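Asker: If it helps, the file is called run14.txt and holds compact mmCIF, C-alpha atoms and all ligand atoms:
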# COMPACT_ATOMS: atom_id res chain seq x y z
CA MET A 1 -19.05 -10.63 22.71
CA CYS A 2 -17.67 -14.15 22.45
CA ALA A 3 -18.52 -16.98 24.89
CA LYS A 4 -15.71 -19.17 26.23
CA GLY A 5 -14.78 -22.71 25.06
CA GLN A 6 -12.24 -25.52 25.65
CA GLY A 7 -9.53 -27.36 23.62
CA SER A 8 -5.88 -26.88 22.61
CA LEU A 9 -3.72 -24.65 20.42
CA THR A 10 -0.07 -25.02 19.43
CA PRO A 11 1.92 -23.24 22.17
CA ALA A 12 4.25 -20.41 21.22
CA THR A 13 7.98 -21.18 21.34
CA THR A 14 9.86 -20.29 24.51
CA ALA A 15 11.57 -17.34 22.76
CA GLN A 16 8.14 -15.72 22.40
CA THR A 17 7.79 -15.05 26.06
CA ARG A 18 4.94 -12.52 26.09
CA ALA A 19 2.66 -14.55 23.89
CA ARG A 20 0.57 -17.43 25.15
CA ARG A 21 -0.19 -19.13 21.80
CA ALA A 22 0.89 -18.91 18.16
CA VAL A 23 -1.37 -18.19 15.18
CA ALA A 24 -0.52 -17.93 11.46
CA VAL A 25 -2.13 -15.30 9.23
CA ALA A 26 -1.97 -15.51 5.42
CA GLY A 27 -2.03 -12.08 3.75
CA ALA A 28 -0.94 -8.69 5.06
CA GLY A 29 -3.64 -6.52 3.50
CA ILE A 30 -5.85 -4.33 5.69
CA GLY A 31 -7.55 -7.41 7.19
CA GLY A 32 -4.36 -9.37 7.86
CA LEU A 33 -2.44 -6.43 9.34
CA THR A 34 -5.38 -5.55 11.61
CA ALA A 35 -5.78 -9.19 12.63
CA ALA A 36 -2.08 -9.37 13.55
CA LEU A 37 -2.52 -6.33 15.81
CA THR A 38 -5.79 -7.42 17.41
CA LEU A 39 -4.40 -10.92 18.05
CA ALA A 40 -1.09 -9.62 19.43
CA GLU A 41 -3.13 -7.39 21.75
CA LYS A 42 -4.73 -10.58 23.09
CA ARG A 43 -1.21 -11.92 23.67
CA PHE A 44 -0.95 -14.24 20.71
CA HIS A 45 2.28 -14.67 18.80
CA VAL A 46 1.39 -13.99 15.16
CA VAL A 47 3.31 -15.25 12.12
CA LEU A 48 2.07 -13.03 9.30
CA HIS A 49 2.81 -14.29 5.77
CA GLU A 50 2.58 -11.92 2.81
CA LYS A 51 3.32 -13.17 -0.67
CA ALA A 52 4.45 -9.75 -1.95
CA GLU A 53 8.11 -8.83 -1.40
CA ALA A 54 7.08 -5.33 -0.33
CA LEU A 55 3.76 -3.86 0.76
CA GLU A 56 3.18 -1.27 -1.91
CA GLU A 57 0.29 1.04 -2.66
CA ALA A 58 -2.55 -0.84 -4.32
CA GLY A 59 -5.54 1.38 -4.86
CA ALA A 60 -5.74 5.03 -3.87
CA GLY A 61 -8.37 6.28 -1.46
CA ILE A 62 -10.47 4.46 1.04
CA GLN A 63 -13.45 5.70 3.04
CA LEU A 64 -13.42 4.53 6.63
CA SER A 65 -16.72 4.75 8.46
CA PRO A 66 -17.02 5.03 12.28
CA ASN A 67 -17.54 1.27 12.78
CA ALA A 68 -13.99 0.80 11.43
CA THR A 69 -12.29 3.96 12.72
CA ARG A 70 -13.25 3.20 16.33
CA ILE A 71 -11.41 -0.12 16.06
CA LEU A 72 -8.31 1.53 14.57
CA ILE A 73 -8.42 4.18 17.28
CA GLY A 74 -8.75 1.44 19.89
CA LEU A 75 -5.56 -0.11 18.49
CA GLY A 76 -3.70 3.16 19.08
CA LEU A 77 -3.53 4.23 15.42
CA GLU A 78 -5.42 7.51 15.74
CA GLN A 79 -2.43 9.81 15.62
CA GLU A 80 -0.78 8.31 12.54
CA VAL A 81 -3.96 7.84 10.51
CA ALA A 82 -5.56 11.17 11.45
CA ALA A 83 -2.36 12.99 10.50
CA ARG A 84 -2.81 11.92 6.85
CA ALA A 85 -6.59 11.39 6.71
CA VAL A 86 -9.24 13.92 5.76
CA THR A 87 -12.44 14.17 7.80
CA PRO A 88 -14.94 15.11 5.05
CA ASP A 89 -17.67 17.51 6.06
CA GLY A 90 -20.27 15.70 3.98
CA ILE A 91 -21.25 13.79 0.86
CA SER A 92 -22.67 15.85 -1.97
CA ILE A 93 -24.88 13.54 -4.04
CA ARG A 94 -25.27 14.88 -7.56
CA ASN A 95 -27.27 14.26 -10.68
CA ALA A 96 -24.88 13.02 -13.39
CA ARG A 97 -26.74 14.70 -16.22
CA SER A 98 -27.31 18.16 -14.74
CA GLY A 99 -24.41 18.15 -12.26
CA ARG A 100 -26.79 19.63 -9.65
CA GLU A 101 -26.70 18.57 -6.01
CA ILE A 102 -29.60 16.26 -5.11
CA VAL A 103 -28.89 16.13 -1.39
CA ARG A 104 -26.04 16.66 1.02
CA ILE A 105 -25.32 14.08 3.72
CA PRO A 106 -23.59 15.59 6.78
CA LEU A 107 -20.43 13.92 8.05
CA GLY A 108 -17.56 15.74 9.84
CA ALA A 109 -18.47 16.90 13.34
CA PHE A 110 -22.04 15.65 12.85
CA ALA A 111 -20.91 12.06 12.25
CA GLN A 112 -18.40 12.26 15.09
CA ALA A 113 -21.12 13.41 17.51
CA HIS A 114 -23.65 10.92 16.18
CA TYR A 115 -21.45 7.82 16.11
CA GLY A 116 -18.73 8.64 18.62
CA ALA A 117 -15.98 8.09 16.08
CA PRO A 118 -14.84 9.93 12.94
CA TYR A 119 -15.61 9.25 9.29
CA TRP A 120 -12.21 9.39 7.57
CA ILE A 121 -10.98 9.24 4.03
CA VAL A 122 -7.43 8.07 3.77
CA HIS A 123 -4.95 7.06 1.11
CA ARG A 124 -4.70 3.27 1.23
CA ALA A 125 -0.89 3.52 1.38
CA ASP A 126 -1.15 5.80 4.45
CA LEU A 127 -3.49 3.38 6.24
CA GLN A 128 -1.24 0.47 5.32
CA ALA A 129 1.88 2.37 6.47
CA ALA A 130 0.28 3.14 9.85
CA LEU A 131 -0.78 -0.49 10.36
CA LEU A 132 2.60 -1.74 9.18
CA ALA A 133 4.51 0.53 11.57
CA HIS A 134 2.55 -0.91 14.51
CA VAL A 135 2.98 -4.46 13.21
CA ARG A 136 6.75 -4.02 12.82
CA ALA A 137 7.05 -2.47 16.28
CA HIS A 138 5.18 -5.28 17.99
CA PRO A 139 7.45 -7.91 19.59
CA ASP A 140 4.84 -10.65 19.15
CA ILE A 141 4.34 -10.22 15.40
CA ASP A 142 6.67 -11.93 12.96
CA LEU A 143 6.01 -10.41 9.51
CA ARG A 144 7.38 -12.51 6.67
CA LEU A 145 7.30 -10.69 3.33
CA GLY A 146 7.79 -12.60 0.10
CA SER A 147 6.29 -15.64 1.80
CA ALA A 148 3.23 -17.02 0.05
CA TYR A 149 1.10 -19.18 2.29
CA SER A 150 1.03 -22.87 1.41
CA ASP A 151 -0.64 -25.71 3.28
CA SER A 152 2.64 -27.05 4.61
CA ILE A 153 3.83 -23.81 6.23
CA HIS A 154 2.64 -24.35 9.79
CA PRO A 155 1.12 -27.77 10.29
CA GLY A 156 -0.95 -27.82 13.45
CA MET A 157 -0.98 -24.06 13.96
CA PRO A 158 -4.33 -22.25 13.72
CA LEU A 159 -4.53 -20.30 10.48
CA ILE A 160 -6.41 -17.16 9.47
CA GLY A 161 -6.88 -16.72 5.72
CA ALA A 162 -6.74 -12.97 5.05
CA ASP A 163 -5.47 -13.44 1.52
CA GLY A 164 -8.04 -11.40 -0.35
CA VAL A 165 -10.72 -11.96 -2.94
CA TRP A 166 -8.80 -14.67 -4.85
CA SER A 167 -7.93 -16.43 -1.55
CA ARG A 168 -5.87 -19.56 -1.86
CA VAL A 169 -6.85 -20.56 1.68
CA ARG A 170 -10.56 -20.40 0.77
CA GLN A 171 -10.11 -22.38 -2.41
CA GLN A 172 -7.61 -24.96 -1.14
CA LEU A 173 -8.59 -25.57 2.47
CA PHE A 174 -12.33 -24.94 2.26
CA GLY A 175 -12.86 -26.05 -1.31
CA GLY A 176 -14.58 -22.67 -1.49
CA PRO A 177 -15.71 -21.15 -4.80
CA PRO A 178 -13.64 -18.86 -7.01
CA ALA A 179 -14.56 -15.17 -6.91
CA THR A 180 -17.38 -14.10 -9.25
CA PHE A 181 -16.99 -11.22 -11.69
CA SER A 182 -19.72 -8.63 -11.10
CA GLY A 183 -19.93 -7.00 -14.54
CA HIS A 184 -18.55 -3.77 -13.04
CA VAL A 185 -15.13 -2.23 -13.46
CA ALA A 186 -13.67 0.43 -11.15
CA TRP A 187 -11.37 3.03 -12.67
CA ARG A 188 -9.21 5.19 -10.47
CA GLY A 189 -6.96 8.14 -10.88
CA THR A 190 -5.62 10.96 -8.75
CA LEU A 191 -5.49 14.71 -9.30
CA ASP A 192 -3.66 17.49 -7.60
CA ALA A 193 -6.20 19.20 -5.28
CA ALA A 194 -5.49 22.54 -6.99
CA ALA A 195 -6.95 21.11 -10.22
CA LEU A 196 -10.37 20.46 -8.63
CA PRO A 197 -13.20 22.33 -10.43
CA ARG A 198 -14.40 25.29 -8.37
CA ASP A 199 -17.95 24.08 -7.77
CA ILE A 200 -16.67 20.97 -5.97
CA ALA A 201 -16.05 21.62 -2.28
CA PRO A 202 -12.49 20.51 -1.50
CA GLY A 203 -13.32 19.01 1.92
CA SER A 204 -16.27 16.87 0.80
CA ILE A 205 -17.03 13.64 -0.96
CA ALA A 206 -18.81 14.21 -4.28
CA LEU A 207 -20.90 11.36 -5.65
CA TRP A 208 -22.50 11.60 -9.11
CA LEU A 209 -25.28 9.14 -9.85
CA GLY A 210 -25.63 8.18 -13.52
CA GLN A 211 -27.25 5.47 -15.58
CA ALA A 212 -25.24 2.23 -15.16
CA ALA A 213 -22.31 4.19 -13.70
CA HIS A 214 -21.33 6.43 -10.81
CA LEU A 215 -18.41 8.65 -10.00
CA VAL A 216 -16.90 9.31 -6.56
CA VAL A 217 -14.41 12.09 -5.85
CA TYR A 218 -12.76 12.89 -2.54
CA PRO A 219 -9.60 14.35 -1.03
CA VAL A 220 -6.81 12.22 0.45
CA ARG A 221 -3.25 12.89 1.70
CA SER A 222 -4.27 15.70 4.09
CA GLY A 223 -6.29 17.25 1.24
CA THR A 224 -3.37 17.70 -1.19
CA LEU A 225 -4.53 14.98 -3.58
CA VAL A 226 -7.97 14.10 -4.95
CA ASN A 227 -9.01 10.51 -5.56
CA VAL A 228 -11.36 9.89 -8.47
CA VAL A 229 -13.16 6.55 -8.79
CA ALA A 230 -15.48 5.79 -11.70
CA ILE A 231 -17.51 2.61 -11.54
CA VAL A 232 -18.90 1.49 -14.88
CA GLU A 233 -20.52 -1.62 -16.24
CA GLY A 234 -18.22 -3.65 -18.51
CA GLN A 235 -16.92 -7.07 -19.42
CA TRP A 236 -13.17 -6.66 -18.75
CA GLU A 237 -12.52 -9.19 -16.02
CA GLN A 238 -8.80 -9.51 -15.48
CA GLN A 239 -7.71 -10.32 -11.91
CA GLY A 240 -5.42 -7.99 -9.96
CA TRP A 241 -5.38 -4.54 -8.44
CA ASN A 242 -3.32 -2.39 -10.70
CA ALA A 243 -3.92 -2.77 -14.45
CA PRO A 244 -3.39 0.37 -16.58
CA GLY A 245 -6.57 1.85 -18.12
CA GLU A 246 -6.92 3.84 -21.36
CA ALA A 247 -8.04 7.45 -20.76
CA ALA A 248 -9.97 7.45 -24.06
CA GLU A 249 -11.95 4.38 -23.01
CA ILE A 250 -13.17 5.82 -19.72
CA ALA A 251 -13.82 9.23 -21.29
CA ALA A 252 -16.06 7.50 -23.86
CA ALA A 253 -18.05 5.84 -21.06
CA PHE A 254 -18.92 9.35 -19.75
CA ASP A 255 -21.11 10.32 -22.69
CA PRO A 256 -21.97 14.08 -22.78
CA ARG A 257 -25.65 13.22 -23.24
CA ARG A 258 -25.64 11.58 -19.78
CA TRP A 259 -22.87 13.35 -17.89
CA SER A 260 -22.45 16.98 -16.93
CA GLY A 261 -19.42 19.04 -17.90
CA ALA A 262 -17.94 19.11 -14.37
CA ALA A 263 -17.88 15.31 -14.10
CA ARG A 264 -16.45 14.95 -17.59
CA ASP A 265 -13.82 17.63 -16.91
CA LEU A 266 -12.65 15.65 -13.91
CA ILE A 267 -12.41 12.48 -15.96
CA GLY A 268 -10.55 14.37 -18.69
CA ALA A 269 -8.07 15.90 -16.23
CA ILE A 270 -6.65 12.55 -15.16
CA GLU A 271 -3.58 11.38 -17.04
CA THR A 272 -2.93 7.99 -15.52
CA TRP A 273 -5.75 5.54 -14.94
CA ARG A 274 -5.72 2.21 -13.16
CA LYS A 275 -8.59 -0.21 -13.33
CA TRP A 276 -9.92 -3.16 -11.37
CA ALA A 277 -12.52 -5.67 -12.40
CA LEU A 278 -14.87 -5.96 -9.41
CA PHE A 279 -15.34 -9.46 -8.03
CA SER A 280 -17.38 -10.74 -5.12
CA VAL A 281 -17.33 -13.87 -2.99
CA SER A 282 -20.54 -15.60 -1.94
CA HIS A 283 -18.95 -18.37 0.14
CA THR A 284 -20.61 -18.62 3.56
CA GLN A 285 -18.35 -21.04 5.42
CA TRP A 286 -15.78 -18.90 7.25
CA ALA A 287 -14.48 -21.45 9.77
CA ARG A 288 -13.47 -25.07 9.50
CA GLY A 289 -11.47 -26.73 12.29
CA ASP A 290 -8.62 -24.43 13.17
CA VAL A 291 -8.80 -22.38 9.96
CA ALA A 292 -10.85 -19.17 9.61
CA LEU A 293 -11.36 -16.69 6.76
CA ILE A 294 -11.63 -12.93 7.17
CA GLY A 295 -12.13 -9.91 4.92
CA ASP A 296 -12.35 -10.29 1.16
CA ALA A 297 -11.20 -13.92 1.38
CA ALA A 298 -14.44 -14.68 3.22
CA HIS A 299 -16.99 -12.29 1.73
CA ALA A 300 -15.60 -9.81 -0.83
CA MET A 301 -18.34 -7.34 -1.73
CA LEU A 302 -18.66 -4.56 -4.28
CA PRO A 303 -17.53 -1.09 -3.13
CA PHE A 304 -21.00 0.55 -3.40
CA ALA A 305 -21.37 1.00 0.37
CA ALA A 306 -17.61 1.53 0.99
CA GLN A 307 -17.57 -1.28 3.57
CA GLY A 308 -15.17 -3.99 2.31
CA ALA A 309 -12.14 -2.86 4.32
CA ALA A 310 -14.37 -1.91 7.25
CA MET A 311 -15.70 -5.49 7.37
CA ALA A 312 -12.16 -6.89 7.24
CA ILE A 313 -11.28 -4.64 10.21
CA GLU A 314 -14.42 -5.71 12.13
CA ASP A 315 -13.71 -9.39 11.33
CA ALA A 316 -10.20 -9.04 12.75
CA ALA A 317 -11.54 -7.50 15.98
CA VAL A 318 -14.25 -10.15 16.47
CA LEU A 319 -11.93 -13.04 15.63
CA ALA A 320 -9.28 -11.89 18.12
CA ASP A 321 -11.96 -11.36 20.75
CA CYS A 322 -13.28 -14.92 20.27
CA LEU A 323 -9.80 -16.44 20.31
CA GLY A 324 -8.80 -14.32 23.28
CA GLN A 325 -11.80 -15.66 25.23
CA SER A 326 -10.84 -19.29 24.59
CA PRO A 327 -7.16 -19.43 23.61
CA ASP A 328 -7.09 -23.21 24.06
CA ASP A 329 -9.87 -23.86 21.57
CA ALA A 330 -9.20 -22.31 18.17
CA SER A 331 -11.78 -24.46 16.48
CA GLY A 332 -14.58 -23.41 18.86
CA ALA A 333 -13.47 -19.76 18.77
CA PHE A 334 -13.45 -19.74 14.97
CA GLN A 335 -16.94 -21.30 14.84
CA ARG A 336 -18.27 -18.60 17.17
CA TYR A 337 -16.57 -15.91 15.10
CA ALA A 338 -18.25 -17.23 11.93
CA LEU A 339 -21.62 -17.35 13.66
CA LEU A 340 -21.26 -13.81 15.03
CA ARG A 341 -20.37 -12.40 11.63
CA ARG A 342 -23.12 -14.07 9.61
CA SER A 343 -25.98 -11.61 10.11
CA ARG A 344 -23.67 -8.61 10.17
CA ILE A 345 -22.10 -9.41 6.79
CA ALA A 346 -25.54 -10.25 5.37
CA LEU A 347 -26.80 -6.80 6.42
CA VAL A 348 -23.84 -5.02 4.87
CA LYS A 349 -24.04 -7.06 1.66
CA ARG A 350 -27.74 -6.22 1.39
CA THR A 351 -26.98 -2.52 1.82
CA THR A 352 -24.21 -2.77 -0.79
CA TRP A 353 -26.52 -4.47 -3.27
CA GLN A 354 -29.29 -1.88 -2.68
CA SER A 355 -26.84 0.99 -3.08
CA GLY A 356 -25.60 -0.40 -6.41
CA LEU A 357 -29.17 -0.73 -7.63
CA ILE A 358 -30.19 2.76 -6.49
CA TYR A 359 -27.04 4.49 -7.75
CA HIS A 360 -27.32 3.18 -11.32
CA LEU A 361 -31.06 3.58 -12.00
CA PRO A 362 -32.04 4.70 -15.52
CA PRO A 363 -34.52 7.53 -16.16
CA PRO A 364 -37.38 7.98 -15.43
CA VAL A 365 -37.04 6.00 -12.15
CA SER A 366 -33.86 7.93 -11.38
CA LEU A 367 -35.97 11.11 -11.26
CA ALA A 368 -38.19 9.55 -8.60
CA ARG A 369 -35.07 8.44 -6.70
CA ASN A 370 -33.67 11.98 -6.79
CA LEU A 371 -36.94 13.43 -5.54
CA VAL A 372 -37.16 10.94 -2.67
CA MET A 373 -33.57 11.69 -1.68
CA THR A 374 -34.17 15.42 -1.67
CA LEU A 375 -37.37 15.05 0.36
CA LEU A 376 -35.75 12.74 2.89
CA GLY A 377 -32.79 15.06 3.36
CA GLY A 378 -29.20 14.31 4.33
CA GLU A 379 -29.68 13.49 8.01
CA ARG A 380 -32.36 10.91 7.36
CA LEU A 381 -30.33 9.36 4.55
CA LEU A 382 -27.36 9.09 6.90
CA ALA A 383 -29.61 7.50 9.54
CA GLN A 384 -30.23 4.65 7.08
CA ARG A 385 -26.60 3.66 7.74
CA ASP A 386 -26.96 3.78 11.56
CA ALA A 387 -26.99 -0.01 11.89
CA ILE A 388 -23.68 -0.19 10.04
CA TYR A 389 -21.91 2.82 11.52
CA ARG A 390 -22.99 2.34 15.16
CA TRP A 391 -21.52 -1.17 15.39
CA ARG A 392 -19.02 -1.79 18.14
CA LEU A 393 -17.33 -4.90 19.44
CA THR A 394 -18.92 -4.69 22.85
CA PRO A 395 -22.46 -3.38 22.42
C1 LIG A 401 -12.41 0.48 -6.23
C2 LIG A 401 -12.55 0.03 -4.82
C3 LIG A 401 -12.88 0.94 -3.84
C4 LIG A 401 -13.03 0.53 -2.50
N1 LIG A 401 -13.36 1.46 -1.57
C5 LIG A 401 -13.54 1.07 -0.29
C6 LIG A 401 -13.87 2.02 0.71
O1 LIG A 401 -13.99 3.22 0.43
N2 LIG A 401 -14.06 1.57 2.00
C7 LIG A 401 -13.92 0.25 2.33
O2 LIG A 401 -14.10 -0.09 3.53
N3 LIG A 401 -13.59 -0.67 1.40
C8 LIG A 401 -13.40 -0.29 0.11
N4 LIG A 401 -13.05 -1.21 -0.83
C9 LIG A 401 -12.89 -2.64 -0.44
C10 LIG A 401 -11.53 -2.92 0.18
O3 LIG A 401 -10.51 -2.43 -0.65
C11 LIG A 401 -11.33 -4.40 0.41
O4 LIG A 401 -12.49 -4.96 0.97
C12 LIG A 401 -10.15 -4.65 1.36
O5 LIG A 401 -8.95 -4.20 0.78
C13 LIG A 401 -10.04 -6.12 1.72
O6 LIG A 401 -8.94 -6.31 2.56
P1 LIG A 401 -8.33 -7.75 2.75
O7 LIG A 401 -7.22 -7.58 3.74
O8 LIG A 401 -9.39 -8.73 3.03
O9 LIG A 401 -7.74 -8.16 1.33
P2 LIG A 401 -6.54 -7.47 0.43
O10 LIG A 401 -6.48 -6.04 0.77
O11 LIG A 401 -6.81 -7.91 -0.93
O12 LIG A 401 -5.26 -8.18 1.03
C14 LIG A 401 -4.92 -9.51 0.76
C15 LIG A 401 -3.41 -9.67 0.93
O13 LIG A 401 -3.08 -11.06 0.85
C16 LIG A 401 -1.93 -11.21 0.06
N5 LIG A 401 -1.97 -12.59 -0.45
C17 LIG A 401 -2.73 -13.09 -1.44
N6 LIG A 401 -2.49 -14.41 -1.58
C18 LIG A 401 -1.57 -14.75 -0.65
C19 LIG A 401 -0.93 -15.97 -0.27
N7 LIG A 401 -1.18 -17.13 -0.90
N8 LIG A 401 -0.04 -15.95 0.75
C20 LIG A 401 0.25 -14.78 1.40
N9 LIG A 401 -0.31 -13.61 1.08
C21 LIG A 401 -1.22 -13.59 0.07
C22 LIG A 401 -2.05 -10.12 -0.99
O14 LIG A 401 -0.79 -9.83 -1.59
C23 LIG A 401 -2.60 -8.97 -0.15
O15 LIG A 401 -1.57 -8.22 0.45
C24 LIG A 401 -12.87 -0.83 -2.16
C25 LIG A 401 -12.53 -1.75 -3.15
C26 LIG A 401 -12.37 -1.34 -4.46
C27 LIG A 401 -12.00 -2.35 -5.50
Let's see the structure in the file written out as structure tokens.
Answerer:
Amino acid sequence: MCAKGQGSLTPATTAQTRARRAVAVAGAGIGGLTAALTLAEKRFHVVLHEKAEALEEAGAGIQLSPNATRILIGLGLEQEVAARAVTPDGISIRNARSGREIVRIPLGAFAQAHYGAPYWIVHRADLQAALLAHVRAHPDIDLRLGSAYSDSIHPGMPLIGADGVWSRVRQQLFGGPPATFSGHVAWRGTLDAAALPRDIAPGSIALWLGQAAHLVVYPVRSGTLVNVVAIVEGQWEQQGWNAPGEAAEIAAAFDPRRWSGAARDLIGAIETWRKWALFSVSHTQWARGDVALIGDAAHAMLPFAAQGAAMAIEDAAVLADCLGQSPDDASGAFQRYALLRRSRIALVKRTTWQSGLIYHLPPPVSLARNLVMTLLGGERLLAQRDAIYRWRLTP
């Protein structure tokens, strides 16, 4: 995928015998951990800095589409992730007001056959634990927890900023913009799977479309736990991943005039809520000299197409491929990486924006949307994601 170039990188120390060059990564989220593995696979020595003392669960479930799962499988993570993931058999899209199914998008074996890789839903902590186990086991990765990246850490060593939506690397080294609040807040809670209302299939993703809000429900932790995510419009814009949310506040947002009993019962069944203000990043410069940005640090997007982590995983694979092709020219490799990712990220951001618009339509246009979805049917709706899900590093 990446063409070769020339130049020089800081050599790895003699103790790091397997590796040919050293690279620093700031941030050990999904993007940073994957980058460490993809780079180590290309025989780089990776110094991975994470500001947190311990990598703890932040967020609950995460949908991983085939474009991302095939990379994780390629890294040898299939066994660990699949052991805790659920392969949903489909997405049941529902009308918020009536609760009725509008259309059912097939996943499961259909997606596997169609895309050559599974569609998984996984607890974020399980994905992180699997990545972390491989990172810790790799002799060429030096994970430093409790070590916030600062400009002086590795002078002269190529740096990958994987430090998330509020990236210090983006803001300090690129003079990039701060993240922008979207006017949406995501609420999340978990339920024991046994508490799931009977009309919701336990092995599926349920998605309710309402006016200015939507609700997503799916199983995680081998199906023992159910993740509930409500996305509503609002002005609360605190940074961070784990603020407590008031049950009464989210229940009030699911007004009985607009939301069916089943959706409201689910909301009411959750005792502990966490909320995140949703931010995005519109910066378009992802490489400068021997510094590159990946994942949310580069292009954080809203979760409407469930592609943020998938793009961080793809970024990591492309970046390592480019650097692996020209290990002596980080600057050229990073420029090629940025160029290769431009149209891809633009496509996914467009899809995300369209999904947000379509999901939250008010009546009467929402009635037309529902009709179109029903007429198109699940397979054709899934096919609209082909360009995203079929992606692979080597076409
Ligand atoms: C409600 C919600 C639902 C979502 N659902 C999905 C989904 O279903 N599918 C999907 O693909 N995506 C989803 N996403 C998006 C996904 O969570 C993000 O895109 C993804 O986590 C980005 O990964 P990252 O590694 O770039 O950043 P992060 O996961 O934010 O990791 C950044 C890391 O950098 C560390 N860090 C920060 N500053 C520094 C520093 N100065 N030095 C060192 N370390 C630092 C942080 O502690 C953190 O560990 C969702 C997002 C939200 C909010």
Asker: Smallest atom-to-atom distance to ligand LIG 401 (chain A): which of A:Asp328, A:Asp142, A:Glu249, A:Asp163, using all atoms listed in the file?
Answerer: A:Asp163
Asker: Would you list the contacts of segment 194-207 of chain A as a VMD selection string, taking every protein, DNA or RNA residue within 8 Å and counting all atoms listed in the file, but skipping same-chain residues closer than 2 positions in sequence?
Answerer: chain A and resid 86 to 94 191 to 192 209 214 to 219 223 to 224 226 262 266
Asker: Tell me, as a list of chain:residue names, which residues lie within 9 Å of Ile160 of chain A, counting only C-alpha atoms; anything in the same chain fewer than 5 positions away does not count.
Answerer: A:Val23, A:Ala24, A:Val25, A:Ala26, A:Gly27, A:Gly32, A:Ala35, A:Val169, A:Asp290, A:Val291, A:Ala292, A:Leu293, A:Ile294
Asker: Which one is closest to Ala117 of chain A: A:Val46, A:Arg390, A:Arg104, A:Leu225? Count all atoms listed in the file.
Answerer: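 For Ala117 of chain A, the nearest of the candidates is A:Arg390.
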Asker: Could you report the residues within 6 Å of ligand LIG 401 (chain A), using all atoms listed in the file, as a PyMOL selection string?
Answerer: chain A and resi 26-32+49-52+62-64+148-149+162-165+167-168+186+295-297+303+306-310+312
Asker: Using only C-alpha atoms - which residues lie no farther than 10 Å from the point (-4.0, 11.9, 10.9) in the file's frame? Write them as number ranges by chain.
Answerer: A: 77-87, 120, 122, 126-127, 130, 221-222
Asker: One decimal, in Å: what's the spacing between atom CA of Ala133 of chain A and atom CA of Gly324 of chain A?
Answerer: 23.1 Å
Asker: Work out where the centre of an axis-aligned box around every listed atom of segment 372-377 of chain A lies and how long its edges are once 6 Å is added on each side; give both in Å to one decimal as lines of an AutoDock Vina configuration file.
Answerer:
center_x = -35.1
center_y = 13.2
center_z = 0.3
size_x = 16.6
size_y = 16.5
size_z = 18.0
Asker: Distance atom CA of Leu37 of chain A-atom CA of His283 of chain A, one decimal place?
Answerer: 25.7 Å
Asker: Which of these, A:Tyr337, A:Tyr115, A:Tyr359, A:Phe254, has the shortest distance to Thr69 of chain A once you count all atoms listed in the file?
Answerer: A:Tyr115
Asker: Taking into account all atoms listed in the file, which residue in the set A:Ala368, A:Ala179, A:Leu173, A:Ala213 is nearest to Gln285 of chain A?
Answerer: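 Selected residue with least distance to Gln285 of chain A: A:Leu173.
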